[in-house]
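Engineer: Structure supplied as structure14.cif; contents: mmCIF, C-alpha atoms.
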data_data
loop_
_atom_site.label_atom_id
_atom_site.label_comp_id
_atom_site.auth_asym_id
_atom_site.auth_seq_id
_atom_site.Cartn_x
_atom_site.Cartn_y
_atom_site.Cartn_z
CA MET M 1 0.00 0.00 0.00
CA ASN M 2 1.08 3.52 -0.82
CA ASN M 3 2.09 5.48 2.24
CA GLU M 4 2.13 8.93 0.70
CA ARG M 5 -0.36 11.38 2.17
CA PHE M 6 -1.64 12.37 -1.23
CA SER M 7 -1.20 10.35 -4.39
CA VAL M 8 -2.72 10.18 -7.81
CA GLY M 9 -2.90 7.08 -9.95
CA THR M 10 -1.84 7.09 -13.60
CA GLY M 11 -5.32 6.11 -14.78
CA ALA M 12 -6.83 9.08 -12.96
CA ILE M 13 -4.34 11.46 -14.59
CA LEU M 14 -5.12 10.13 -18.05
CA LEU M 15 -8.88 10.34 -17.45
CA ALA M 16 -8.53 13.88 -16.11
CA ALA M 17 -6.46 14.82 -19.17
CA LEU M 18 -9.11 13.38 -21.48
CA ILE M 19 -11.93 15.25 -19.73
CA TYR M 20 -9.82 18.41 -19.68
CA PHE M 21 -9.22 18.13 -23.40
CA VAL M 22 -12.75 17.31 -24.47
CA ALA M 23 -15.01 19.29 -22.14
CA ASP M 24 -15.51 23.02 -21.73
CA LEU M 25 -13.97 24.63 -18.68
CA ASP M 26 -17.32 25.60 -17.14
CA LYS M 27 -18.61 22.03 -17.55
CA ILE M 28 -15.46 20.69 -15.88
CA LEU M 29 -15.90 23.10 -12.98
CA ALA M 30 -19.58 22.13 -12.69
CA LEU M 31 -18.33 18.56 -12.24
CA LEU M 32 -15.32 19.33 -10.07
CA VAL M 33 -17.00 21.55 -7.49
CA PRO M 34 -19.64 18.95 -6.47
CA VAL M 35 -16.90 16.29 -6.29
CA LEU M 36 -14.81 18.53 -4.04
CA VAL M 37 -17.83 19.28 -1.83
CA HIS M 38 -18.48 15.55 -1.60
CA GLU M 39 -14.91 14.70 -0.58
CA LEU M 40 -14.57 17.64 1.81
CA GLY M 41 -17.84 16.46 3.37
CA HIS M 42 -16.11 13.15 4.17
CA VAL M 43 -12.94 14.81 5.43
CA PHE M 44 -14.82 17.28 7.62
CA THR M 45 -17.01 14.58 9.16
CA ILE M 46 -14.10 12.19 9.73
CA ARG M 47 -12.24 14.96 11.55
CA LEU M 48 -15.36 15.83 13.53
CA LEU M 49 -15.63 12.22 14.69
CA GLY M 50 -12.08 12.43 16.03
CA LEU M 51 -10.62 9.99 13.50
CA ARG M 52 -7.21 10.38 11.89
CA ILE M 53 -6.79 10.69 8.13
CA ASN M 54 -3.79 8.76 6.83
CA GLY M 55 -3.91 9.57 3.18
CA PHE M 56 -5.83 10.65 0.16
CA ARG M 57 -5.63 8.79 -3.09
CA VAL M 58 -7.16 9.58 -6.47
CA GLU M 59 -7.54 6.56 -8.70
CA LEU M 60 -9.52 5.60 -11.74
CA LYS M 61 -12.08 4.08 -9.43
CA GLY M 62 -12.58 7.34 -7.56
CA PHE M 63 -11.32 9.15 -4.51
CA CYS M 64 -10.10 7.12 -1.53
CA ILE M 65 -9.65 8.60 1.90
CA ARG M 66 -7.71 6.29 4.20
CA TYR M 67 -8.39 6.86 7.84
CA CYS M 68 -8.03 4.97 11.08
CA GLY M 69 -9.43 5.07 14.59
CA GLU M 70 -12.50 3.71 16.30
CA ALA M 71 -15.79 5.52 16.04
CA GLY M 72 -18.30 2.67 16.36
CA ALA M 73 -20.58 1.43 13.62
CA MET M 74 -22.65 4.60 13.55
CA GLY M 75 -19.50 6.71 13.30
CA HIS M 76 -18.19 4.79 10.30
CA ALA M 77 -21.61 4.82 8.66
CA LEU M 78 -21.82 8.57 9.22
CA ALA M 79 -18.33 9.12 7.79
CA ALA M 80 -19.36 7.22 4.65
CA ALA M 81 -22.75 8.89 4.35
CA ALA M 82 -21.32 12.37 4.90
CA GLY M 83 -20.19 12.82 1.28
CA PRO M 84 -23.62 12.27 -0.28
CA LEU M 85 -25.34 14.24 2.51
CA TRP M 86 -23.07 17.23 1.93
CA GLY M 87 -23.61 16.79 -1.77
CA LEU M 88 -27.38 16.99 -1.32
CA ILE M 89 -27.02 20.08 0.88
CA TYR M 90 -24.81 21.64 -1.78
CA ALA M 91 -27.34 20.74 -4.50
CA MET M 92 -30.16 22.44 -2.59
CA THR M 93 -28.07 25.53 -1.84
CA ALA M 94 -26.78 25.84 -5.39
CA SER M 95 -30.28 25.38 -6.79
CA PHE M 96 -31.74 28.13 -4.60
CA LEU M 97 -28.82 30.44 -5.38
CA ALA M 98 -29.24 29.64 -9.09
CA ARG M 99 -32.89 30.61 -8.86
CA HIS M 100 -31.97 33.84 -7.10
CA TYR M 101 -29.16 34.86 -9.43
CA GLY M 102 -30.42 33.10 -12.57
CA SER M 103 -27.16 31.25 -13.11
CA SER M 104 -27.27 28.22 -15.39
CA TRP M 105 -23.85 27.08 -14.17
CA LEU M 106 -25.13 26.78 -10.60
CA GLU M 107 -28.16 24.86 -11.89
CA LEU M 108 -25.89 22.45 -13.70
CA SER M 109 -23.62 21.89 -10.71
CA ALA M 110 -26.69 21.41 -8.48
CA GLY M 111 -27.96 18.74 -10.86
CA VAL M 112 -24.54 17.06 -11.00
CA SER M 113 -24.29 17.10 -7.22
CA LEU M 114 -27.79 15.62 -6.86
CA LEU M 115 -27.06 12.77 -9.27
CA LEU M 116 -23.60 12.17 -7.79
CA SER M 117 -25.05 11.93 -4.28
CA LEU M 118 -27.91 9.64 -5.29
CA PHE M 119 -25.56 7.38 -7.26
CA ASN M 120 -23.15 7.21 -4.31
CA LEU M 121 -25.96 6.17 -1.99
CA LEU M 122 -26.52 2.94 -3.96
CA PRO M 123 -25.65 0.02 -1.64
CA ALA M 124 -22.76 -1.24 -3.76
CA LEU M 125 -19.21 -1.48 -2.58
CA PRO M 126 -16.94 1.07 -4.11
CA LEU M 127 -19.71 3.59 -3.42
CA ASP M 128 -20.54 5.24 -0.11
CA GLY M 129 -23.87 3.42 0.16
CA GLY M 130 -22.04 0.06 0.28
CA ARG M 131 -19.81 1.30 3.10
CA VAL M 132 -22.79 2.58 5.05
CA LEU M 133 -24.44 -0.84 4.66
CA TYR M 134 -21.25 -2.60 5.74
CA ALA M 135 -20.76 -0.37 8.79
CA LEU M 136 -24.37 -0.77 9.89
CA ALA M 137 -24.55 -4.53 9.25
CA SER M 138 -21.25 -5.59 10.83
CA PRO M 139 -22.21 -5.13 14.54
CA PHE M 140 -25.35 -7.24 14.01
CA PHE M 141 -24.09 -10.04 11.79
CA GLY M 142 -20.33 -9.93 12.31
CA GLU M 143 -17.79 -8.55 9.88
CA ALA M 144 -17.55 -11.60 7.63
CA ALA M 145 -21.30 -11.89 7.14
CA ALA M 146 -21.60 -8.15 6.60
CA ALA M 147 -18.87 -8.31 3.95
CA LYS M 148 -20.74 -11.12 2.23
CA MET M 149 -23.99 -9.15 2.37
CA VAL M 150 -22.39 -6.08 0.84
CA ASN M 151 -20.80 -8.18 -1.90
CA ILE M 152 -24.15 -9.69 -2.81
CA SER M 153 -25.87 -6.30 -2.75
CA SER M 154 -23.07 -4.83 -4.87
CA LEU M 155 -23.49 -7.54 -7.49
CA ALA M 156 -27.26 -7.07 -7.47
CA VAL M 157 -26.97 -3.29 -7.93
CA GLY M 158 -24.33 -3.77 -10.62
CA ALA M 159 -26.49 -6.30 -12.48
CA ALA M 160 -29.56 -4.04 -12.23
CA LEU M 161 -27.59 -1.08 -13.60
CA LEU M 162 -26.16 -3.25 -16.36
CA ALA M 163 -29.65 -4.36 -17.39
CA MET M 164 -30.99 -0.82 -17.24
CA GLY M 165 -27.98 0.46 -19.17
CA ALA M 166 -28.47 -2.17 -21.87
CA TYR M 167 -32.15 -1.24 -22.12
CA LEU M 168 -31.27 2.45 -22.44
CA MET M 169 -28.56 1.69 -24.97
CA PHE M 170 -30.99 -0.12 -27.24
CA ASN M 171 -33.48 2.70 -26.88
CA GLY M 172 -31.05 5.22 -28.27
CA CYS M 173 -30.04 6.79 -24.98
CA GLY M 174 -26.33 6.22 -25.38
CA LEU M 175 -23.73 4.37 -23.37
CA ALA M 176 -23.66 6.56 -20.25
CA MET M 177 -25.55 4.23 -17.90
CA GLU M 178 -23.85 1.09 -19.27
CA LEU M 179 -20.42 2.60 -18.61
CA ALA M 180 -21.39 3.38 -15.02
CA ALA M 181 -22.57 -0.22 -14.57
CA VAL M 182 -19.39 -1.69 -16.02
CA TRP M 183 -17.28 0.59 -13.83
CA LEU M 184 -19.24 -0.44 -10.76
CA LEU M 185 -19.06 -4.16 -11.50
CA ALA M 186 -15.34 -3.98 -12.27
CA TYR M 187 -14.63 -2.72 -8.78
CA THR M 188 -17.29 -4.63 -6.89
CA GLY M 189 -15.82 -6.97 -4.36
CA LEU M 190 -12.27 -5.77 -4.98
CA ASP M 191 -11.69 -3.84 -1.77
CA ILE M 192 -13.95 -5.46 0.82
CA ASN M 193 -10.95 -7.16 2.42
CA ARG M 194 -9.27 -3.99 3.57
CA GLN M 195 -10.92 -3.88 6.93
CA LYS M 196 -8.12 -2.64 9.14
CA GLN M 197 -7.71 0.58 7.24
CA ARG M 198 -11.11 1.64 6.10
CA GLU M 199 -11.47 3.53 2.88
CA ILE M 200 -14.14 5.83 1.65
CA ILE M 201 -14.83 6.73 -1.91
CA MET B 1 9.84 8.11 -9.23
CA ARG B 2 7.11 10.36 -8.00
CA GLU B 3 8.62 13.55 -9.40
CA TYR B 4 9.01 11.88 -12.75
CA LYS B 5 5.26 11.27 -12.76
CA ILE B 6 4.46 14.86 -11.87
CA TYR B 7 6.68 16.12 -14.73
CA LEU B 8 5.03 13.78 -17.21
CA ALA B 9 1.54 14.78 -16.08
CA SER B 10 2.37 18.50 -16.29
CA ALA B 11 3.86 18.03 -19.76
CA LEU B 12 0.72 16.20 -20.85
CA PHE B 13 -1.57 18.97 -19.58
CA ILE B 14 0.56 21.72 -21.12
CA CYS B 15 0.53 19.93 -24.48
CA LEU B 16 -3.23 19.49 -24.30
CA SER B 17 -3.72 23.17 -23.40
CA ALA B 18 -1.61 24.18 -26.37
CA VAL B 19 -3.57 21.96 -28.76
CA LYS B 20 -6.84 23.18 -27.26
CA LEU B 21 -5.83 26.82 -27.75
CA CYS B 22 -4.35 26.46 -31.23
CA PHE B 23 -6.85 24.01 -32.71
CA PRO B 24 -10.17 24.55 -30.90
CA GLN B 25 -11.98 22.50 -33.54
CA ILE B 26 -10.29 19.25 -32.41
CA PRO B 27 -11.78 19.19 -28.87
CA ALA B 28 -15.10 20.41 -30.30
CA GLN B 29 -15.15 17.53 -32.76
CA LEU B 30 -14.16 15.05 -30.02
CA ARG B 31 -16.85 16.50 -27.76
CA ARG B 32 -19.51 15.93 -30.41
CA GLU B 33 -18.33 12.37 -30.96
CA THR B 34 -18.19 11.59 -27.24
CA ALA B 35 -21.65 13.04 -26.78
CA GLU B 36 -22.83 10.88 -29.67
CA ILE B 37 -21.46 7.73 -28.03
CA LEU B 38 -22.43 8.51 -24.43
CA CYS B 39 -25.75 10.22 -24.89
CA SER B 40 -26.88 9.31 -28.40
CA GLU B 41 -29.50 11.92 -29.28
CA ARG B 42 -30.33 12.81 -25.67
CA ASP B 43 -29.12 16.01 -24.09
CA TYR B 44 -28.15 14.80 -20.64
CA GLY B 45 -26.50 18.10 -19.78
CA ALA B 46 -29.82 19.89 -20.21
CA THR B 47 -31.60 17.19 -18.19
CA VAL B 48 -29.10 17.44 -15.35
CA GLN B 49 -29.43 21.21 -15.38
CA ALA B 50 -33.23 20.96 -15.32
CA LEU B 51 -32.95 18.58 -12.35
CA GLY B 52 -30.75 21.07 -10.52
CA ARG B 53 -33.16 23.89 -11.24
CA SER B 54 -36.24 21.97 -10.13
CA LEU B 55 -34.70 21.32 -6.68
CA ALA B 56 -35.38 24.91 -5.67
CA GLN B 57 -38.75 25.04 -7.38
CA GLY B 58 -40.03 22.00 -5.52
CA ARG B 59 -40.86 20.44 -8.89
CA LEU B 60 -38.41 17.62 -8.36
CA GLU B 61 -41.13 14.95 -8.69
CA ASP B 62 -42.10 16.30 -12.11
CA ARG B 63 -38.50 16.15 -13.24
CA LEU B 64 -37.97 12.67 -11.85
CA VAL B 65 -41.09 11.55 -13.71
CA GLN B 66 -39.56 13.17 -16.77
CA VAL B 67 -36.31 11.29 -16.23
CA LEU B 68 -38.29 8.07 -15.80
CA GLU B 69 -40.10 8.81 -19.06
CA TYR B 70 -36.67 8.57 -20.63
CA ILE B 71 -36.23 5.09 -19.31
CA GLY B 72 -39.84 4.04 -19.76
CA PRO B 73 -41.41 2.48 -22.84
CA HIS B 74 -41.82 5.85 -24.54
CA GLY B 75 -38.12 6.51 -24.20
CA GLY B 76 -37.38 5.37 -27.73
CA GLN B 77 -39.27 8.10 -29.53
CA SER B 78 -37.12 11.04 -28.68
CA ILE B 79 -37.21 12.92 -31.94
CA PRO B 80 -40.81 13.34 -33.05
CA SER B 81 -41.46 11.81 -36.44
CA GLN B 82 -42.85 13.60 -39.45
CA GLU B 83 -46.22 11.83 -39.09
CA SER B 84 -46.92 13.66 -35.88
CA LEU B 85 -47.14 16.87 -37.86
CA ASN B 86 -50.85 17.34 -37.41
CA THR B 87 -51.26 20.50 -35.38
CA PRO B 88 -50.43 23.74 -37.13
CA ILE B 89 -48.71 26.09 -34.72
CA VAL B 90 -50.82 29.07 -35.67
CA SER B 91 -53.80 28.75 -37.97
CA ASP B 92 -54.58 31.42 -40.50
CA THR B 93 -57.91 32.32 -38.97
CA GLY B 94 -56.87 34.21 -35.88
CA ASP B 95 -58.66 32.78 -32.87
CA ALA B 96 -59.28 29.31 -34.32
CA ASP B 97 -55.94 28.51 -32.85
CA LEU B 98 -57.05 29.44 -29.38
CA GLU B 99 -60.16 27.29 -29.79
CA ASP B 100 -57.87 24.50 -30.83
CA ARG B 101 -56.01 24.90 -27.61
CA GLU B 102 -59.22 25.01 -25.62
CA SER B 103 -60.44 21.73 -27.07
CA ASP B 104 -57.11 20.37 -25.98
CA THR B 105 -57.95 21.73 -22.56
CA LEU B 106 -60.83 19.30 -22.14
CA GLN B 107 -58.54 16.51 -23.13
CA ALA B 108 -55.96 17.77 -20.70
CA VAL B 109 -58.30 17.23 -17.76
CA GLU B 110 -58.40 13.49 -18.43
CA ASP B 111 -54.96 13.11 -19.86
CA PRO B 112 -52.36 15.36 -18.27
CA LEU B 113 -50.19 15.25 -21.39
CA PRO B 114 -51.66 16.20 -24.79
CA ASP B 115 -50.59 14.12 -27.78
CA ASN B 116 -48.60 16.90 -29.36
CA VAL B 117 -46.38 17.40 -26.32
CA SER B 118 -43.15 15.59 -25.60
CA LEU B 119 -41.28 15.59 -22.32
CA ASP B 120 -38.15 14.43 -24.09
CA VAL B 121 -35.06 16.56 -24.16
CA PRO B 122 -33.49 15.82 -27.55
CA ARG B 123 -30.12 17.37 -28.25
CA LEU B 124 -30.72 20.34 -30.55
CA PRO B 125 -28.77 20.12 -33.81
CA PHE B 126 -27.81 23.82 -33.67
CA GLU B 127 -26.38 26.48 -31.37
CA TYR B 128 -28.95 28.41 -29.36
CA SER B 129 -29.27 31.18 -26.81
CA CYS B 130 -31.89 32.62 -24.48
CA PRO B 131 -34.33 34.95 -26.31
CA VAL B 132 -34.82 37.40 -23.46
CA THR B 133 -33.45 38.37 -20.05
CA GLY B 134 -36.18 37.85 -17.51
CA THR B 135 -37.45 35.41 -14.94
CA VAL B 136 -39.70 32.49 -15.81
CA SER B 137 -43.19 33.49 -14.71
CA SER B 138 -45.09 30.49 -16.02
CA CYS B 139 -43.71 27.11 -16.93
CA PHE B 140 -44.47 24.66 -19.71
CA GLY B 141 -47.13 22.18 -18.64
CA SER B 142 -50.65 21.90 -17.26
CA ARG B 143 -51.82 25.03 -15.52
CA GLU B 144 -54.91 27.06 -14.80
CA ASP B 145 -55.54 29.72 -17.39
CA PRO B 146 -54.62 33.02 -15.72
CA LEU B 147 -57.53 34.83 -17.40
CA ASP B 148 -60.49 32.50 -16.99
CA SER B 149 -59.07 30.03 -14.44
CA GLU B 150 -59.86 27.05 -16.65
CA PRO B 151 -57.43 24.16 -16.47
CA GLY B 152 -55.34 23.90 -19.60
CA PHE B 153 -52.00 23.10 -21.10
CA HIS B 154 -49.38 25.80 -21.47
CA TYR B 155 -47.40 25.06 -24.60
CA GLY B 156 -44.54 27.39 -23.86
CA THR B 157 -42.60 29.22 -21.21
CA ASP B 158 -43.45 32.75 -20.09
CA PHE B 159 -40.68 35.15 -19.24
CA ALA B 160 -41.69 38.20 -17.24
CA ALA B 161 -39.79 41.15 -18.70
CA ASP B 162 -40.25 44.88 -19.12
CA SER B 163 -42.17 46.26 -22.06
CA GLY B 164 -39.72 47.23 -24.75
CA ASP B 165 -37.01 44.74 -23.76
CA GLY B 166 -35.38 43.23 -26.83
CA VAL B 167 -36.39 39.73 -27.93
CA LEU B 168 -33.57 37.81 -29.60
CA ALA B 169 -33.69 34.90 -32.01
CA PHE B 170 -33.21 31.55 -30.21
CA ALA B 171 -31.08 30.21 -33.05
CA GLN B 172 -30.24 30.82 -36.67
CA GLY B 173 -33.19 30.32 -39.03
CA VAL B 174 -35.80 31.81 -41.35
CA VAL B 175 -38.84 33.80 -40.22
CA SER B 176 -41.76 31.68 -41.43
CA ALA B 177 -44.55 33.83 -40.03
CA ALA B 178 -44.90 37.26 -38.52
CA GLY B 179 -48.28 38.77 -37.78
CA THR B 180 -51.04 39.35 -35.29
CA ASP B 181 -53.26 36.82 -33.60
CA GLU B 182 -56.05 37.39 -31.11
CA GLY B 183 -54.44 35.09 -28.59
CA TYR B 184 -50.76 35.51 -29.35
CA GLY B 185 -50.89 39.24 -30.10
CA ASN B 186 -47.96 40.26 -32.29
CA TYR B 187 -46.03 37.10 -32.82
CA CYS B 188 -43.33 35.67 -35.00
CA ILE B 189 -42.21 32.16 -35.81
CA ILE B 190 -38.69 31.19 -36.78
CA GLU B 191 -37.96 27.91 -38.50
CA HIS B 192 -34.60 26.38 -37.63
CA SER B 193 -32.98 23.32 -39.12
CA GLU B 194 -34.32 19.74 -38.92
CA GLY B 195 -37.95 20.65 -38.28
CA TYR B 196 -37.40 22.76 -35.18
CA SER B 197 -39.19 26.05 -34.83
CA THR B 198 -39.67 28.68 -32.15
CA LEU B 199 -42.53 31.08 -31.55
CA TYR B 200 -42.35 34.44 -29.80
CA ALA B 201 -45.68 35.94 -28.71
CA HIS B 202 -47.23 39.06 -27.12
CA LEU B 203 -44.55 41.28 -28.71
CA SER B 204 -45.18 45.02 -28.65
CA GLU B 205 -43.55 45.13 -32.05
CA CYS B 206 -42.02 42.62 -34.41
CA VAL B 207 -39.05 43.96 -36.38
CA VAL B 208 -38.51 41.07 -38.81
CA ARG B 209 -40.63 40.13 -41.78
CA GLU B 210 -41.65 36.81 -43.27
CA GLY B 211 -38.94 35.06 -45.24
CA GLN B 212 -36.13 36.99 -43.61
CA GLU B 213 -33.06 35.07 -42.48
CA VAL B 214 -31.99 35.66 -38.87
CA GLU B 215 -28.88 34.79 -36.91
CA MET B 216 -28.81 33.47 -33.34
CA GLY B 217 -29.21 36.40 -30.93
CA GLN B 218 -30.47 38.81 -33.60
CA LEU B 219 -33.10 41.30 -32.44
CA ILE B 220 -36.51 40.21 -33.74
CA GLY B 221 -38.92 42.28 -31.66
CA TYR B 222 -39.76 43.87 -28.34
CA VAL B 223 -41.54 42.51 -25.25
CA GLY B 224 -45.15 43.68 -24.93
CA GLN B 225 -48.54 42.55 -23.74
CA THR B 226 -50.51 42.29 -26.98
CA GLY B 227 -53.08 39.50 -27.28
CA ARG B 228 -54.27 37.47 -24.33
CA ALA B 229 -51.82 38.58 -21.67
CA THR B 230 -52.06 39.81 -18.10
CA GLY B 231 -48.82 41.79 -18.20
CA PRO B 232 -45.72 42.37 -20.31
CA HIS B 233 -44.02 39.05 -20.96
CA LEU B 234 -42.57 36.89 -23.70
CA HIS B 235 -44.39 33.66 -24.41
CA PHE B 236 -41.83 31.35 -25.98
CA GLU B 237 -42.59 28.01 -27.63
CA LEU B 238 -40.21 25.42 -28.97
CA SER B 239 -41.44 22.65 -31.21
CA CYS B 240 -40.05 19.97 -33.47
CA ASN B 241 -42.26 18.80 -36.34
CA GLY B 242 -45.39 19.76 -34.43
CA MET B 243 -44.33 18.25 -31.10
CA TYR B 244 -43.99 20.82 -28.35
CA LEU B 245 -40.91 20.62 -26.15
CA ASP B 246 -40.26 22.27 -22.80
CA PRO B 247 -38.12 25.32 -23.67
CA GLU B 248 -36.88 25.58 -20.09
CA ASN B 249 -34.71 22.53 -20.67
CA TYR B 250 -32.60 24.60 -23.03
CA LEU B 251 -32.45 27.98 -21.31
#
Rewrite the structure from the file as structure tokens, please.

Structural biologist:
Amino acid sequence: MNNERFSVGTGAILLAALIYFVADLDKILALLVPVLVHELGHVFTIRLLGLRINGFRVELKGFCIRYCGEAGAMGHALAAAAGPLWGLIYAMTASFLARHYGSSWLELSAGVSLLLSLFNLLPALPLDGGRVLYALASPFFGEAAAAKMVNISSLAVGAALLAMGAYLMFNGCGLAMELAAVWLLAYTGLDINRQKQREII
Amino acid sequence: MREYKIYLASALFICLSAVKLCFPQIPAQLRRETAEILCSERDYGATVQALGRSLAQGRLEDRLVQVLEYIGPHGGQSIPSQESLNTPIVSDTGDADLEDRESDTLQAVEDPLPDNVSLDVPRLPFEYSCPVTGTVSSCFGSREDPLDSEPGFHYGTDFAADSGDGVLAFAQGVVSAAGTDEGYGNYCIIEHSEGYSTLYAHLSECVVREGQEVEMGQLIGYVGQTGRATGPHLHFELSCNGMYLDPENYL
């Protein structure tokens, strides 16, 4: 495992370069600001719970915050849920501000933040929802059973997304949903074993 | 090892910036192609923006229903076909058009969505811009008529603006009609490419004439309250081959 406090994977750099090249700057910012709010929501809540952050890693699969310390099941669930919750708060705020100032950029970033938060709340593993499920289930069923539960739920969510994406693809809605499903399935079950150092996307 | 990576990444970004600045058509072309692959003919950007906007308006359910319509069985028919061209936008005989709308009203009570209305958000095949600066005072969709309080369907978006404010062409096109209607007041219709057209109503004055070519953002008239209107506003409609679309998705 990488011990640097902040590191960026090669895949993430290449993806960022591609997005930077293809998209307009305002669209990139509309994507970046909600992501930052989401991650800072995690960081802020983790700090608030008195946990220690070991490192921050940006990979192709998303943002990972490594932290350690004991906060109880509720604490870990809260740390995982904090990103989407902050994202929803940001979406509401941005939407009201957009209405007040008539800014289409704020509307766009509110919409992005809303979708990002909802997607992250899906109970599948690389996403926050999967971590919330794991944290809440482990005191009741034990860590091994909770891990198994989350794996099953991740596969179910991934399969559902894949089916929905295929349906959308054949109805002329493009590849967007299918890509999300493939991404999710590719990472499902990959990082459930890292239980000593918990990670949050 | 780590510094080597930072140098490489910086070099990559600097190169990309240079290409982006010197040849802006390359990223634009790539963007179109990516959009084609990822979104097909849907405009997800506009949908996401509409979602963000509806959060503050408390119309989130409507938007979610709209998003579900995408996924639902009707999702396939995003661009209205030529056969659906059955409702003329404005009939020649002044108020017949309004009566048309009112017969739709009765239908609207039973069926919340008239046949000639689509909740889809197709990607427009041209550049466009907002026709007026003002706040949305009445949205596209079912509403009570502000004059006689009858339930009905509002085929466009109303922008509250000051009398005399300039109204600008939504996109490049040809003026296909400019005249006066009992309901619409002074109005004008611009035909854009691929069957799309826009209508601007209740103008105090229309400064373009039929057959004239207009560019996006060109002045075509001034906000007024001619026709059936309770105050100065622009009534703006967007349609594609006779199917009415929600203009707010694009503004």

Engineer: Neighbouring residues of M:Ser109 were defined as those with any atom within 8 Å, considering all atoms listed in the file; residues of the same chain fewer than 3 positions away were excluded. Please report them as a VMD selection string.

Structural biologist: (chain M and resid 30 to 31 33 to 34 91 94 105 to 106 112 to 113) or (chain B and resid 49 52)

Engineer: Evaluating the PyMOL selection byres ((chain M) within 9 of (chain B)) on the displayed file yields which residues, as a PyMOL selection string?

Structural biologist: chain M and resi 10+13-14+17-18+20-24+91-99+102+104-115+164+167-177+179

Engineer: Quick one, how far is atom CA of M:Arg57 from atom CA of M:Gly165?

Structural biologist: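 So the two atoms, atom CA of M:Arg57 and atom CA of M:Gly165, lie 28.8 Å apart.
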
Engineer: Show me, as a list in words, the residues that have an atom within 6 Å of B:Ala178 when counting only C-alpha atoms, minus same-chain residues fewer than 5 positions from it.

Structural biologist: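 In the requested format, the answer is Tyr187, Cys188 and Glu210 of chain B.
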
Engineer: Applying 7 Å and all atoms listed in the file, which residues near B:Leu119 remain after dropping the ones on its own chain fewer than 2 positions away? List them as a PyMOL selection string.

Structural biologist: chain B and resi 66+117+121+245-246

Engineer: I want to know what sits within 8 Å of stretch 169-173 of chain B, based on only C-alpha atoms, with residues of the same chain fewer than 5 positions away left out; could you give that as a compact mmCIF listing (two decimals) with C-alpha atoms, in the frame of the given file?

Structural biologist:
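Writing the result to part.txt gives the following:
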# COMPACT_ATOMS: atom_id res chain seq x y z
CA PHE B 126 -27.81 23.82 -33.67
CA GLU B 127 -26.38 26.48 -31.37
CA TYR B 128 -28.95 28.41 -29.36
CA SER B 129 -29.27 31.18 -26.81
CA CYS B 130 -31.89 32.62 -24.48
CA PRO B 131 -34.33 34.95 -26.31
CA ILE B 190 -38.69 31.19 -36.78
CA GLU B 191 -37.96 27.91 -38.50
CA HIS B 192 -34.60 26.38 -37.63
CA SER B 193 -32.98 23.32 -39.12
CA THR B 198 -39.67 28.68 -32.15
CA GLU B 213 -33.06 35.07 -42.48
CA VAL B 214 -31.99 35.66 -38.87
CA GLU B 215 -28.88 34.79 -36.91
CA MET B 216 -28.81 33.47 -33.34
CA GLY B 217 -29.21 36.40 -30.93
CA GLN B 218 -30.47 38.81 -33.60
CA LEU B 219 -33.10 41.30 -32.44
CA ILE B 220 -36.51 40.21 -33.74

Engineer: Just give me the gap between atom CA of B:Tyr200 and atom CA of B:Ser118 in Å, one decimal is fine.

Structural biologist: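 Those two atoms sit 19.3 Å apart.
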
Engineer: Step by step, work through what the PyMOL selection byres ((chain M and resi 40-52) around 10) selects in the shown file, and finish by giving those residues as a ChimeraX atom specification.

Structural biologist: /M:34-39,53-56,65-71,75-76,78-87,200-201

Engineer: I need the residues from that last selection saved to file as a JSON list (two decimals), keeping the file's coordinate frame (with C-alpha atoms), if you can.

Structural biologist:
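Listed below is the output, result.json:
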[["chain", "number", "residue", "atom", "x", "y", "z"],
["M", 34, "PRO", "CA", -19.64, 18.95, -6.47],
["M", 35, "VAL", "CA", -16.90, 16.29, -6.29],
["M", 36, "LEU", "CA", -14.81, 18.53, -4.04],
["M", 37, "VAL", "CA", -17.83, 19.28, -1.83],
["M", 38, "HIS", "CA", -18.48, 15.55, -1.60],
["M", 39, "GLU", "CA", -14.91, 14.70, -0.58],
["M", 53, "ILE", "CA", -6.79, 10.69, 8.13],
["M", 54, "ASN", "CA", -3.79, 8.76, 6.83],
["M", 55, "GLY", "CA", -3.91, 9.57, 3.18],
["M", 56, "PHE", "CA", -5.83, 10.65, 0.16],
["M", 65, "ILE", "CA", -9.65, 8.60, 1.90],
["M", 66, "ARG", "CA", -7.71, 6.29, 4.20],
["M", 67, "TYR", "CA", -8.39, 6.86, 7.84],
["M", 68, "CYS", "CA", -8.03, 4.97, 11.08],
["M", 69, "GLY", "CA", -9.43, 5.07, 14.59],
["M", 70, "GLU", "CA", -12.50, 3.71, 16.30],
["M", 71, "ALA", "CA", -15.79, 5.52, 16.04],
["M", 75, "GLY", "CA", -19.50, 6.71, 13.30],
["M", 76, "HIS", "CA", -18.19, 4.79, 10.30],
["M", 78, "LEU", "CA", -21.82, 8.57, 9.22],
["M", 79, "ALA", "CA", -18.33, 9.12, 7.79],
["M", 80, "ALA", "CA", -19.36, 7.22, 4.65],
["M", 81, "ALA", "CA", -22.75, 8.89, 4.35],
["M", 82, "ALA", "CA", -21.32, 12.37, 4.90],
["M", 83, "GLY", "CA", -20.19, 12.82, 1.28],
["M", 84, "PRO", "CA", -23.62, 12.27, -0.28],
["M", 85, "LEU", "CA", -25.34, 14.24, 2.51],
["M", 86, "TRP", "CA", -23.07, 17.23, 1.93],
["M", 87, "GLY", "CA", -23.61, 16.79, -1.77],
["M", 200, "ILE", "CA", -14.14, 5.83, 1.65],
["M", 201, "ILE", "CA", -14.83, 6.73, -1.91]]
